[in-house]
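Take a look at the structure below.
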Amino acid sequence: MCGIYGIVSYGLAPDQLRFRLSQMGRLLRHRGPDDLRENVFRVNGANVGFGFTRLSILDLETGMQPIQCPVDDTVIICNGQIYNYLELRKDLTSSPFISKGDAEVGLHLYRKMGTSFLNELNGMYAGAILDPSQRRLLLFRDRFGIKPLYFCESNGNFVFSSEIRPLFEGLRIPPRLNRNRLTTFFTYRYTPGSETMFEGIYKLPPGAFLDYDLISGKYKIVRYWEYRLDQVKPEMDLDEAADRFYELFSDAVRIRLRSDVEVGCLISGGIDSSAVCAQAAFSHPALKLFTIGFGVEKYNELPLVKEFMEDYPDRFHGAQLFSEECRPAALSRLPEIVASIEEPISLGTVLPTDQVCRMASEEVKVVLTGEGADEIFAGYRKFMIEMAASQYSFLSGEQQQAILIAYPELETYLNVRHLDPARRYIQTEALFDPGELRRLTGEMPPEALFPEDARPTLSGNEHPVNEMIGFESRSRLPDYVILRLDKLSMRHSLETRTPLLDYRLVEFAARLPVHLKVNLAADREKYICSQAYLKHGLMHHKQAFRRKQPFTIPLANWLADADTRPEYINDILFGGMIRDQGILDPDIVDKIARRVNSKGVGPETLVSEADRLFAIIIFTIWYDTFIA
């Protein structure tokens, strides 16, 4: 895990370019505190600078980058891990290796196969390859965008980086607000698609590469992988699917335990992180586990974690559990958290995520996590509602009454359910409606509020639940869930690995009959996960089929109590900061702030006044940090 950055310039002299690289690298040392290297290459009249800050995980002695092939001078820098590098290396015996790590495997695969080499990689990665013979700079990103990669061009210079702030140093330009995405953020709580909240700063899409022509100075973006959800195998039965799931899952954990340093696990009361820990403990009996508790009982999963470990004394007898309580005082860390994430993300879990990553980083350099299963295997209640809505008209009157009792929110959803899957995707959890957005921001929301480039590839033959999974995996997963995990773990120089996003497991999920993901008869989301974990002994029935509790925080409790709010939040809400910024309507903000209370709000609440207020607080901090 590292930080990568680079500049392509036709006007800067090598010394000038090296100075700008050094300024970019200074801002990425938290991603790679162990080492740093910067090189400048001359190709076809262009000076190309590559920079790399290293967090040493694999090949501690020879794995420093950039790595340059002595045969043809191709160069690679890569942030992340290619987990199947040992298997791939066996087919590259004639290549002139100068290291023993994973990044050089990617370089020689590219030399052998061109851009199709990306189809062979299993991992999380964002990288760059300089190919002098083809006069090409290639930027690439893993299938689900687990590792970030940003780029920008200005005044004849092209820059890229693992994070956003180095781009402004590389180009010597100030950050500006992208007003085109203001209402998008206040609808979705994040910014889906390639645009960011910074004007002119773009994300390379997941599963894509950027091909930059060093002769013309122009580039094109090509998607090399699409998540197709229209190729379901209806004949697959439960036993077959559970066995195949476990086969892929266990191998995904196995290859993610490859490391030359100690590996730990993040664990919550959920079944997926518990299953990852249980599988890892088979081969790592002295596993270190890290979790966060809360003082508010209905949010606190620490007792579930302890119970799980006590139920398997043989498996966890050598394991150590590290835990802390996340308290209202954590709100005081919001400004530094917002600065680290760089893109405004209104997700309350940024607080415990930051805390658990800090705690883990004091013991290990690498942890496995359970992220990804909810998005890929339909683990949220909204998937149950969508399944119920798709079946409702085919049920008898008695069955319809029963399902309305089981899912009280279904009746309202049926009345507003849109034909367009993009609109339907956000209907149950939009933070503000169009009228509220206009009053809050002064901006008229665009008709296509969901960006076209963030839409999944749909054929029209997908089940409605799979359509929703398509949107989850194409936008919310990389731009919301995984982005916060990457930025907050790397803030503490910690590498996080996500076995449940192994592309083999994900492609298997696409072929599953929908009822093996969402089973209304059993009242279960992620049905196949529960069945596989139970069948293969990772957990007992009471754990495998425990009712899912969303991983969230008692935000309404904290924001409603003036005594627990940090003073800077009171300044935002009732001082002059919002009025001085001139972006949001302070009167609307004041009304929302005074309506916040914790009555009737729990972990399952999708949208509350506290959620709306939190988005306003996050945006205001972000604007003050980067723009004002």
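Chain labels A, B, ... are given in the sequence in which chains occur in the structure tokens; within each chain residues are numbered consecutively from 1, and ligands are likewise numbered from 1 in the order shown.
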
So which residues touch stretch 370-386 of chain A within 8 Å, counting only C-alpha atoms, skipping near sequence neighbours fewer than 4 positions away, as a PyMOL selection string?
-> chain A and resi 266-267+272-274+276+390+407+409-410+428+464-465+468-469+472-473+477+481-482+498-501+506+509+517-520+524-526+528-529

Name the residues of stretch 309-534 of chain A that come out as alpha helix (DSSP H) in a backbone DSSP run; write them as a CSV table (one decimal) with N, CA and C atoms, in the first residue's frame.
chain,number,residue,atom,x,y,z
A,309,MET,N,-16.5,-14.8,19.7
A,309,MET,CA,-15.2,-15.4,20.1
A,309,MET,C,-15.3,-16.4,21.2
A,310,GLU,N,-16.2,-16.2,22.1
A,310,GLU,CA,-16.4,-17.1,23.2
A,310,GLU,C,-17.0,-18.4,22.7
A,311,ASP,N,-17.8,-18.4,21.7
A,311,ASP,CA,-18.5,-19.5,21.2
A,311,ASP,C,-17.5,-20.5,20.4
A,334,LEU,N,-13.8,15.5,13.4
A,334,LEU,CA,-14.4,15.6,12.1
A,334,LEU,C,-13.6,16.5,11.1
A,335,PRO,N,-13.1,17.7,11.5
A,335,PRO,CA,-12.3,18.5,10.6
A,335,PRO,C,-11.1,17.8,10.0
A,336,GLU,N,-10.3,17.0,10.8
A,336,GLU,CA,-9.2,16.3,10.3
A,336,GLU,C,-9.6,15.1,9.5
A,337,ILE,N,-10.7,14.5,9.8
A,337,ILE,CA,-11.2,13.4,9.0
A,337,ILE,C,-11.7,13.9,7.6
A,338,VAL,N,-12.4,15.0,7.6
A,338,VAL,CA,-12.9,15.6,6.3
A,338,VAL,C,-11.6,15.9,5.5
A,339,ALA,N,-10.6,16.5,6.1
A,339,ALA,CA,-9.4,16.9,5.3
A,339,ALA,C,-8.7,15.6,4.8
A,340,SER,N,-8.8,14.5,5.5
A,340,SER,CA,-8.1,13.3,5.0
A,340,SER,C,-8.9,12.6,3.9
A,341,ILE,N,-10.2,12.6,4.0
A,341,ILE,CA,-11.0,12.0,2.9
A,341,ILE,C,-11.0,12.8,1.6
A,350,VAL,N,-17.7,7.3,9.4
A,350,VAL,CA,-16.3,7.8,9.3
A,350,VAL,C,-15.7,7.9,10.7
A,351,LEU,N,-16.5,8.2,11.7
A,351,LEU,CA,-15.9,8.4,13.0
A,351,LEU,C,-15.3,7.1,13.6
A,352,PRO,N,-16.2,6.0,13.7
A,352,PRO,CA,-15.6,4.7,14.2
A,352,PRO,C,-14.6,4.1,13.3
A,353,THR,N,-14.8,4.3,12.0
A,353,THR,CA,-13.8,3.8,11.0
A,353,THR,C,-12.4,4.4,11.3
A,354,ASP,N,-12.4,5.7,11.4
A,354,ASP,CA,-11.1,6.4,11.7
A,354,ASP,C,-10.5,5.9,13.0
A,355,GLN,N,-11.4,5.7,14.0
A,355,GLN,CA,-10.9,5.3,15.4
A,355,GLN,C,-10.3,3.9,15.3
A,356,VAL,N,-11.0,3.0,14.7
A,356,VAL,CA,-10.6,1.6,14.6
A,356,VAL,C,-9.3,1.4,13.8
A,357,CYS,N,-9.2,2.2,12.7
A,357,CYS,CA,-8.0,2.2,11.9
A,357,CYS,C,-6.8,2.7,12.7
A,358,ARG,N,-7.0,3.8,13.5
A,358,ARG,CA,-5.9,4.3,14.3
A,358,ARG,C,-5.4,3.3,15.3
A,359,MET,N,-6.4,2.6,15.9
A,359,MET,CA,-6.1,1.6,16.9
A,359,MET,C,-5.4,0.4,16.3
A,360,ALA,N,-5.8,-0.1,15.1
A,360,ALA,CA,-5.2,-1.2,14.5
A,360,ALA,C,-3.8,-0.8,14.0
A,361,SER,N,-3.6,0.4,13.6
A,361,SER,CA,-2.2,0.8,13.0
A,361,SER,C,-1.2,0.8,14.1
A,373,ALA,N,-19.7,-7.1,0.9
A,373,ALA,CA,-20.8,-8.2,0.8
A,373,ALA,C,-22.2,-7.6,0.8
A,374,ASP,N,-22.4,-6.5,1.5
A,374,ASP,CA,-23.8,-5.9,1.5
A,374,ASP,C,-24.1,-5.4,0.1
A,375,GLU,N,-23.2,-4.8,-0.6
A,375,GLU,CA,-23.5,-4.3,-1.9
A,375,GLU,C,-23.6,-5.4,-3.0
A,376,ILE,N,-22.8,-6.4,-2.9
A,376,ILE,CA,-22.7,-7.4,-3.9
A,376,ILE,C,-23.8,-8.5,-3.7
A,381,ARG,N,-31.7,-3.6,3.8
A,381,ARG,CA,-33.1,-3.8,3.9
A,381,ARG,C,-33.8,-3.3,2.6
A,382,LYS,N,-33.2,-2.3,1.9
A,382,LYS,CA,-33.8,-1.8,0.7
A,382,LYS,C,-33.9,-2.8,-0.4
A,383,PHE,N,-33.0,-3.8,-0.3
A,383,PHE,CA,-33.1,-4.9,-1.3
A,383,PHE,C,-34.3,-5.8,-1.0
A,384,MET,N,-34.6,-6.0,0.3
A,384,MET,CA,-35.8,-6.7,0.7
A,384,MET,C,-37.0,-6.0,0.2
A,385,ILE,N,-37.0,-4.7,0.4
A,385,ILE,CA,-38.2,-3.9,-0.1
A,385,ILE,C,-38.4,-4.0,-1.6
A,386,GLU,N,-37.3,-3.9,-2.3
A,386,GLU,CA,-37.3,-4.0,-3.8
A,386,GLU,C,-37.8,-5.4,-4.2
A,387,MET,N,-37.3,-6.4,-3.6
A,387,MET,CA,-37.8,-7.8,-3.9
A,387,MET,C,-39.3,-7.9,-3.6
A,388,ALA,N,-39.7,-7.4,-2.5
A,388,ALA,CA,-41.2,-7.4,-2.1
A,388,ALA,C,-42.0,-6.7,-3.2
A,389,ALA,N,-41.5,-5.5,-3.6
A,389,ALA,CA,-42.2,-4.7,-4.6
A,389,ALA,C,-42.3,-5.4,-5.9
A,390,SER,N,-41.3,-6.1,-6.3
A,390,SER,CA,-41.3,-6.8,-7.6
A,390,SER,C,-42.2,-8.0,-7.6
A,391,GLN,N,-42.5,-8.5,-6.4
A,391,GLN,CA,-43.4,-9.7,-6.3
A,391,GLN,C,-44.8,-9.4,-5.9
A,392,TYR,N,-45.0,-8.1,-5.5
A,392,TYR,CA,-46.3,-7.8,-4.8
A,392,TYR,C,-47.5,-8.1,-5.7
A,397,GLY,N,-54.4,-11.7,-2.2
A,397,GLY,CA,-54.8,-10.6,-1.3
A,397,GLY,C,-54.3,-10.9,0.1
A,398,GLU,N,-54.4,-12.1,0.5
A,398,GLU,CA,-53.9,-12.5,1.9
A,398,GLU,C,-52.4,-12.3,2.0
A,399,GLN,N,-51.7,-12.8,0.9
A,399,GLN,CA,-50.2,-12.7,0.9
A,399,GLN,C,-49.8,-11.2,0.9
A,400,GLN,N,-50.5,-10.4,0.1
A,400,GLN,CA,-50.2,-8.9,0.1
A,400,GLN,C,-50.3,-8.3,1.5
A,401,GLN,N,-51.4,-8.7,2.2
A,401,GLN,CA,-51.5,-8.1,3.5
A,401,GLN,C,-50.4,-8.5,4.5
A,402,ALA,N,-50.0,-9.8,4.3
A,402,ALA,CA,-48.9,-10.3,5.2
A,402,ALA,C,-47.6,-9.6,4.9
A,403,ILE,N,-47.3,-9.3,3.6
A,403,ILE,CA,-46.1,-8.7,3.3
A,403,ILE,C,-46.1,-7.2,3.6
A,404,LEU,N,-47.2,-6.6,3.6
A,404,LEU,CA,-47.3,-5.2,4.0
A,404,LEU,C,-47.1,-5.1,5.6
A,405,ILE,N,-47.5,-6.1,6.3
A,405,ILE,CA,-47.2,-6.1,7.7
A,405,ILE,C,-45.8,-6.3,8.0
A,406,ALA,N,-45.1,-7.2,7.2
A,406,ALA,CA,-43.7,-7.5,7.4
A,406,ALA,C,-42.8,-6.3,7.1
A,410,LEU,N,-43.3,-0.6,2.7
A,410,LEU,CA,-43.5,-1.1,1.3
A,410,LEU,C,-44.7,-0.3,0.6
A,411,GLU,N,-45.8,-0.1,1.4
A,411,GLU,CA,-47.0,0.6,0.8
A,411,GLU,C,-46.6,1.9,0.2
A,412,THR,N,-45.9,2.7,1.0
A,412,THR,CA,-45.5,4.0,0.5
A,412,THR,C,-44.6,3.9,-0.8
A,413,TYR,N,-43.7,3.0,-0.7
A,413,TYR,CA,-42.7,2.8,-1.8
A,413,TYR,C,-43.5,2.3,-3.1
A,414,LEU,N,-44.5,1.5,-3.0
A,414,LEU,CA,-45.2,1.1,-4.1
A,414,LEU,C,-45.9,2.2,-4.8
A,415,ASN,N,-46.3,3.2,-4.1
A,415,ASN,CA,-47.0,4.4,-4.6
A,415,ASN,C,-46.1,5.4,-5.4
A,416,VAL,N,-44.8,5.3,-5.1
A,416,VAL,CA,-43.8,6.2,-5.7
A,416,VAL,C,-42.8,5.5,-6.6
A,421,PRO,N,-34.6,2.7,-13.2
A,421,PRO,CA,-33.9,2.1,-12.1
A,421,PRO,C,-33.0,3.1,-11.4
A,422,ALA,N,-32.5,4.1,-12.1
A,422,ALA,CA,-31.6,5.1,-11.4
A,422,ALA,C,-32.5,6.0,-10.5
A,423,ARG,N,-33.7,6.4,-10.8
A,423,ARG,CA,-34.5,7.1,-9.9
A,423,ARG,C,-35.0,6.2,-8.8
A,424,ARG,N,-35.3,5.0,-9.1
A,424,ARG,CA,-35.8,4.1,-8.1
A,424,ARG,C,-34.7,3.8,-7.1
A,425,TYR,N,-33.5,3.8,-7.5
A,425,TYR,CA,-32.4,3.5,-6.6
A,425,TYR,C,-32.3,4.4,-5.4
A,426,ILE,N,-32.6,5.6,-5.6
A,426,ILE,CA,-32.4,6.6,-4.5
A,426,ILE,C,-33.8,7.0,-3.8
A,434,PRO,N,-36.0,17.4,-4.5
A,434,PRO,CA,-35.6,18.5,-5.3
A,434,PRO,C,-36.0,19.9,-4.8
A,435,GLY,N,-37.2,20.0,-4.2
A,435,GLY,CA,-37.6,21.3,-3.7
A,435,GLY,C,-36.8,21.8,-2.6
A,436,GLU,N,-36.5,20.8,-1.7
A,436,GLU,CA,-35.6,21.2,-0.5
A,436,GLU,C,-34.2,21.5,-1.0
A,437,LEU,N,-33.7,20.8,-2.0
A,437,LEU,CA,-32.4,21.1,-2.5
A,437,LEU,C,-32.3,22.5,-3.1
A,438,ARG,N,-33.4,23.0,-3.8
A,438,ARG,CA,-33.4,24.3,-4.3
A,438,ARG,C,-33.3,25.4,-3.2
A,439,ARG,N,-34.1,25.1,-2.2
A,439,ARG,CA,-34.2,26.1,-1.1
A,439,ARG,C,-32.8,26.1,-0.3
A,440,LEU,N,-32.2,24.9,-0.1
A,440,LEU,CA,-31.0,24.9,0.6
A,440,LEU,C,-29.8,25.4,-0.1
A,441,THR,N,-29.7,25.1,-1.4
A,441,THR,CA,-28.5,25.4,-2.2
A,441,THR,C,-28.7,26.6,-3.1
A,464,PRO,N,-35.1,-6.6,-10.9
A,464,PRO,CA,-35.0,-5.3,-10.2
A,464,PRO,C,-34.0,-5.2,-9.1
A,465,VAL,N,-33.9,-6.3,-8.4
A,465,VAL,CA,-32.9,-6.4,-7.3
A,465,VAL,C,-31.5,-6.3,-7.9
A,466,ASN,N,-31.3,-7.0,-9.0
A,466,ASN,CA,-29.9,-6.9,-9.6
A,466,ASN,C,-29.7,-5.6,-10.2
A,467,GLU,N,-30.7,-4.9,-10.7
A,467,GLU,CA,-30.5,-3.5,-11.1
A,467,GLU,C,-30.0,-2.6,-10.0
A,468,MET,N,-30.6,-2.8,-8.8
A,468,MET,CA,-30.2,-2.0,-7.7
A,468,MET,C,-28.8,-2.4,-7.3
A,469,ILE,N,-28.4,-3.7,-7.3
A,469,ILE,CA,-27.0,-4.1,-7.0
A,469,ILE,C,-26.1,-3.5,-8.0
A,470,GLY,N,-26.5,-3.4,-9.3
A,470,GLY,CA,-25.7,-2.7,-10.3
A,470,GLY,C,-25.3,-1.3,-9.9
A,471,PHE,N,-26.3,-0.5,-9.4
A,471,PHE,CA,-26.0,0.9,-9.0
A,471,PHE,C,-25.1,0.9,-7.7
A,482,ILE,N,-16.0,2.3,0.0
A,482,ILE,CA,-14.6,2.0,-0.1
A,482,ILE,C,-13.7,3.2,0.0
A,483,LEU,N,-14.2,4.3,-0.5
A,483,LEU,CA,-13.4,5.6,-0.5
A,483,LEU,C,-13.1,6.0,1.0
A,484,ARG,N,-14.1,5.9,1.8
A,484,ARG,CA,-13.9,6.3,3.2
A,484,ARG,C,-12.9,5.3,3.9
A,485,LEU,N,-13.0,4.0,3.5
A,485,LEU,CA,-12.1,3.0,4.1
A,485,LEU,C,-10.7,3.2,3.7
A,486,ASP,N,-10.5,3.5,2.4
A,486,ASP,CA,-9.1,3.7,1.9
A,486,ASP,C,-8.5,5.0,2.5
A,487,LYS,N,-9.2,6.1,2.5
A,487,LYS,CA,-8.6,7.3,2.9
A,487,LYS,C,-8.4,7.3,4.5
A,488,LEU,N,-9.3,6.7,5.2
A,488,LEU,CA,-9.1,6.7,6.7
A,488,LEU,C,-8.1,5.7,7.2
A,489,SER,N,-8.0,4.6,6.5
A,489,SER,CA,-6.9,3.6,6.8
A,489,SER,C,-5.6,4.2,6.5
A,490,MET,N,-5.4,4.8,5.3
A,490,MET,CA,-4.2,5.3,4.9
A,490,MET,C,-3.8,6.6,5.6
A,491,ARG,N,-4.7,7.2,6.2
A,491,ARG,CA,-4.4,8.4,7.1
A,491,ARG,C,-3.6,7.9,8.3
A,503,TYR,N,-12.8,-10.5,-7.3
A,503,TYR,CA,-13.6,-10.5,-8.5
A,503,TYR,C,-14.2,-11.8,-8.9
A,504,ARG,N,-13.6,-12.9,-8.5
A,504,ARG,CA,-14.2,-14.2,-8.8
A,504,ARG,C,-15.4,-14.5,-7.9
A,505,LEU,N,-15.4,-14.0,-6.7
A,505,LEU,CA,-16.6,-14.1,-5.8
A,505,LEU,C,-17.7,-13.2,-6.3
A,506,VAL,N,-17.3,-12.0,-6.8
A,506,VAL,CA,-18.3,-11.1,-7.3
A,506,VAL,C,-19.0,-11.5,-8.5
A,507,GLU,N,-18.2,-12.1,-9.5
A,507,GLU,CA,-18.8,-12.6,-10.7
A,507,GLU,C,-19.7,-13.9,-10.4
A,508,PHE,N,-19.3,-14.6,-9.4
A,508,PHE,CA,-20.2,-15.7,-9.0
A,508,PHE,C,-21.5,-15.2,-8.5
A,509,ALA,N,-21.4,-14.1,-7.7
A,509,ALA,CA,-22.7,-13.5,-7.2
A,509,ALA,C,-23.6,-13.0,-8.3
A,510,ALA,N,-23.0,-12.6,-9.4
A,510,ALA,CA,-23.8,-12.1,-10.5
A,510,ALA,C,-24.6,-13.2,-11.2
A,511,ARG,N,-24.1,-14.4,-11.1
A,511,ARG,CA,-24.8,-15.6,-11.7
A,511,ARG,C,-25.9,-16.2,-10.8
A,527,TYR,N,-28.8,-14.1,1.8
A,527,TYR,CA,-29.2,-15.5,2.2
A,527,TYR,C,-28.0,-16.5,1.9
A,528,ILE,N,-27.4,-16.4,0.8
A,528,ILE,CA,-26.3,-17.3,0.4
A,528,ILE,C,-25.1,-17.2,1.4
A,529,CYS,N,-24.8,-16.0,1.8
A,529,CYS,CA,-23.7,-15.8,2.7
A,529,CYS,C,-24.0,-16.6,4.1
A,530,SER,N,-25.2,-16.3,4.6
A,530,SER,CA,-25.6,-17.0,5.9
A,530,SER,C,-25.5,-18.5,5.7
A,531,GLN,N,-26.0,-19.0,4.6
A,531,GLN,CA,-26.1,-20.5,4.4
A,531,GLN,C,-24.7,-21.0,4.3
A,532,ALA,N,-23.8,-20.3,3.5
A,532,ALA,CA,-22.4,-20.8,3.3
A,532,ALA,C,-21.6,-20.8,4.6
A,533,TYR,N,-21.7,-19.7,5.4
A,533,TYR,CA,-21.0,-19.6,6.6
A,533,TYR,C,-21.4,-20.7,7.6
A,534,LEU,N,-22.8,-21.0,7.6
A,534,LEU,CA,-23.3,-22.0,8.5
A,534,LEU,C,-22.8,-23.4,8.1

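Atom CA of A:Asp239 is found 22.5 Å from atom CA of A:Arg254.
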
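Omitting A:Ile221 and its sequence neighbours fewer than 3 positions away, and counting only C-alpha atoms, the residues within 12 Å are Leu137, Leu138, Leu139, Phe140, Arg141, Phe151, Ser194, Tyr202, Lys203, Leu204, Pro205, Pro206, Gly207, Ala208, Phe209, Leu210, Asp211, Tyr212, Asp213, Lys218, Tyr224 and Asp453 of chain A.
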
Would you list the contacts of A:Pro285 as a ChimeraX atom specification, taking every protein, DNA or RNA residue within 7 Å and counting only C-alpha atoms, but skipping same-chain residues closer than 2 positions in sequence?
-> /A:281-283,287,315-316,318-319

Selected residues, C-alpha atoms, written as a PDB file, in the first residue's frame, please.
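Ended up saving to out_18.pdb:
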ATOM      1  CA  ALA A 281      -7.948 -17.637  12.295  1.00  0.00           C
ATOM      2  CA  PHE A 282      -7.628 -21.129  10.791  1.00  0.00           C
ATOM      3  CA  SER A 283      -4.139 -20.271   9.560  1.00  0.00           C
ATOM      4  CA  LEU A 287      -4.781 -13.161  15.078  1.00  0.00           C
ATOM      5  CA  ARG A 315     -10.409 -21.174  17.055  1.00  0.00           C
ATOM      6  CA  PHE A 316      -9.731 -17.918  18.906  1.00  0.00           C
ATOM      7  CA  GLY A 318      -4.627 -17.367  20.749  1.00  0.00           C
ATOM      8  CA  ALA A 319      -6.369 -14.308  19.358  1.00  0.00           C
TER       9      ALA A 319
END

One decimal, Å: what's the distance from atom CA of A:Leu304 over to atom CA of A:Val367, could you say?
-> 20.0 Å

Non-local contacts of A:Leu512 (9 Å; only C-alpha atoms; under 5 positions in same chain excluded) as a PyMOL selection string | chain A and resi 231-234+236+241+517

Go ahead and write the selection's residues with all heavy atoms as an mmCIF file, in the first residue's frame.
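The result, stored in result04.cif:
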data_model
loop_
_atom_site.group_PDB
_atom_site.id
_atom_site.type_symbol
_atom_site.label_atom_id
_atom_site.label_comp_id
_atom_site.auth_asym_id
_atom_site.auth_seq_id
_atom_site.Cartn_x
_atom_site.Cartn_y
_atom_site.Cartn_z
ATOM 1 N N GLN A 231 -26.842 -12.417 -16.520
ATOM 2 C CA GLN A 231 -26.451 -13.769 -16.934
ATOM 3 C C GLN A 231 -26.646 -14.751 -15.786
ATOM 4 O O GLN A 231 -25.786 -15.585 -15.473
ATOM 5 C CB GLN A 231 -24.999 -13.751 -17.418
ATOM 6 C CG GLN A 231 -24.808 -12.849 -18.629
ATOM 7 C CD GLN A 231 -23.353 -12.619 -18.981
ATOM 8 O OE1 GLN A 231 -22.459 -13.206 -18.397
ATOM 9 N NE2 GLN A 231 -23.115 -11.752 -19.954
ATOM 10 N N VAL A 232 -27.809 -14.675 -15.159
ATOM 11 C CA VAL A 232 -28.138 -15.512 -14.010
ATOM 12 C C VAL A 232 -28.308 -16.967 -14.452
ATOM 13 O O VAL A 232 -28.813 -17.251 -15.533
ATOM 14 C CB VAL A 232 -29.435 -15.005 -13.342
ATOM 15 C CG1 VAL A 232 -29.919 -15.967 -12.266
ATOM 16 C CG2 VAL A 232 -29.207 -13.615 -12.758
ATOM 17 N N LYS A 233 -27.855 -17.882 -13.596
ATOM 18 C CA LYS A 233 -28.042 -19.325 -13.832
ATOM 19 C C LYS A 233 -29.162 -19.818 -12.911
ATOM 20 O O LYS A 233 -28.924 -20.175 -11.762
ATOM 21 C CB LYS A 233 -26.749 -20.077 -13.550
ATOM 22 C CG LYS A 233 -25.636 -19.770 -14.532
ATOM 23 C CD LYS A 233 -24.425 -20.653 -14.292
ATOM 24 C CE LYS A 233 -23.365 -20.428 -15.365
ATOM 25 N NZ LYS A 233 -22.174 -21.292 -15.168
ATOM 26 N N PRO A 234 -30.396 -19.864 -13.412
ATOM 27 C CA PRO A 234 -31.544 -20.183 -12.543
ATOM 28 C C PRO A 234 -31.507 -21.605 -11.998
ATOM 29 O O PRO A 234 -32.171 -21.913 -11.011
ATOM 30 C CB PRO A 234 -32.754 -19.968 -13.466
ATOM 31 C CG PRO A 234 -32.216 -20.088 -14.847
ATOM 32 C CD PRO A 234 -30.817 -19.589 -14.801
ATOM 33 N N MET A 236 -29.062 -23.114 -10.564
ATOM 34 C CA MET A 236 -28.153 -23.281 -9.437
ATOM 35 C C MET A 236 -28.955 -23.473 -8.145
ATOM 36 O O MET A 236 -29.811 -22.665 -7.814
ATOM 37 C CB MET A 236 -27.243 -22.055 -9.309
ATOM 38 C CG MET A 236 -26.040 -22.284 -8.389
ATOM 39 S SD MET A 236 -24.990 -20.808 -8.204
ATOM 40 C CE MET A 236 -24.559 -20.429 -9.907
ATOM 41 N N ALA A 241 -24.537 -23.730 -4.570
ATOM 42 C CA ALA A 241 -24.120 -22.336 -4.447
ATOM 43 C C ALA A 241 -23.338 -22.106 -3.147
ATOM 44 O O ALA A 241 -22.333 -21.392 -3.139
ATOM 45 C CB ALA A 241 -25.347 -21.431 -4.489
ATOM 46 N N LYS A 517 -29.974 -14.533 -2.954
ATOM 47 C CA LYS A 517 -29.452 -13.317 -2.310
ATOM 48 C C LYS A 517 -30.497 -12.749 -1.353
ATOM 49 O O LYS A 517 -30.208 -12.468 -0.195
ATOM 50 C CB LYS A 517 -29.093 -12.267 -3.373
ATOM 51 C CG LYS A 517 -28.077 -12.713 -4.408
ATOM 52 C CD LYS A 517 -27.876 -11.609 -5.448
ATOM 53 C CE LYS A 517 -27.073 -12.063 -6.631
ATOM 54 N NZ LYS A 517 -26.944 -11.029 -7.676
#

Could you produce a table of the residues of stretch 270-373 of chain A lying within 8 Å of stretch 600-617 of chain A, with the nearest pair of atoms per residue and their separation in Å rounded to one decimal, using only C-alpha atoms, ordered by chain and increasing residue number, as a Markdown table?
| residue | atom | partner | partner_atom | distance |
| --- | --- | --- | --- | --- |
| A:Lys298 | CA | A:Gly602 | CA | 7.4 |
| A:Tyr299 | CA | A:Pro603 | CA | 6.5 |
| A:Ile345 | CA | A:Ala615 | CA | 7.8 |
| A:Ser346 | CA | A:Ala615 | CA | 4.9 |
| A:Gly348 | CA | A:Phe614 | CA | 7.9 |

Check stretch 309-416 of chain A with DSSP on the backbone and list each residue it calls strand (DSSP E), as a tab-separated table (two decimals) with N, CA, C and O atoms, in the first residue's frame.
chain	number	residue	atom	x	y	z
A	320	GLN	N	-6.16	-12.01	20.04
A	320	GLN	CA	-6.28	-10.86	20.93
A	320	GLN	C	-7.34	-9.91	20.38
A	320	GLN	O	-7.33	-9.58	19.18
A	321	LEU	N	-8.24	-9.48	21.24
A	321	LEU	CA	-9.26	-8.51	20.83
A	321	LEU	C	-8.92	-7.15	21.41
A	321	LEU	O	-8.77	-6.99	22.62
A	322	PHE	N	-8.79	-6.16	20.53
A	322	PHE	CA	-8.55	-4.78	20.93
A	322	PHE	C	-9.83	-3.99	20.68
A	322	PHE	O	-10.39	-4.03	19.58
A	323	SER	N	-10.32	-3.28	21.69
A	323	SER	CA	-11.57	-2.54	21.52
A	323	SER	C	-11.49	-1.18	22.21
A	323	SER	O	-10.75	-1.01	23.19
A	324	GLU	N	-12.24	-0.26	21.68
A	324	GLU	CA	-12.40	1.06	22.27
A	324	GLU	C	-13.85	1.48	22.11
A	324	GLU	O	-14.58	0.93	21.27
A	325	GLU	N	-14.27	2.46	22.88
A	325	GLU	CA	-15.62	2.98	22.75
A	325	GLU	C	-15.59	4.29	21.98
A	325	GLU	O	-14.76	5.16	22.26
A	326	CYS	N	-16.46	4.41	21.01
A	326	CYS	CA	-16.59	5.65	20.25
A	326	CYS	C	-17.60	6.55	20.97
A	326	CYS	O	-18.77	6.16	21.14
A	366	VAL	N	-1.40	-4.30	8.33
A	366	VAL	CA	-2.39	-4.80	7.38
A	366	VAL	C	-3.56	-5.41	8.15
A	366	VAL	O	-3.36	-6.10	9.14
A	367	VAL	N	-4.80	-5.13	7.69
A	367	VAL	CA	-5.98	-5.79	8.24
A	367	VAL	C	-6.90	-6.24	7.11
A	367	VAL	O	-6.95	-5.63	6.05
A	368	LEU	N	-7.62	-7.34	7.39
A	368	LEU	CA	-8.70	-7.78	6.51
A	368	LEU	C	-10.01	-7.23	7.05
A	368	LEU	O	-10.18	-7.07	8.26
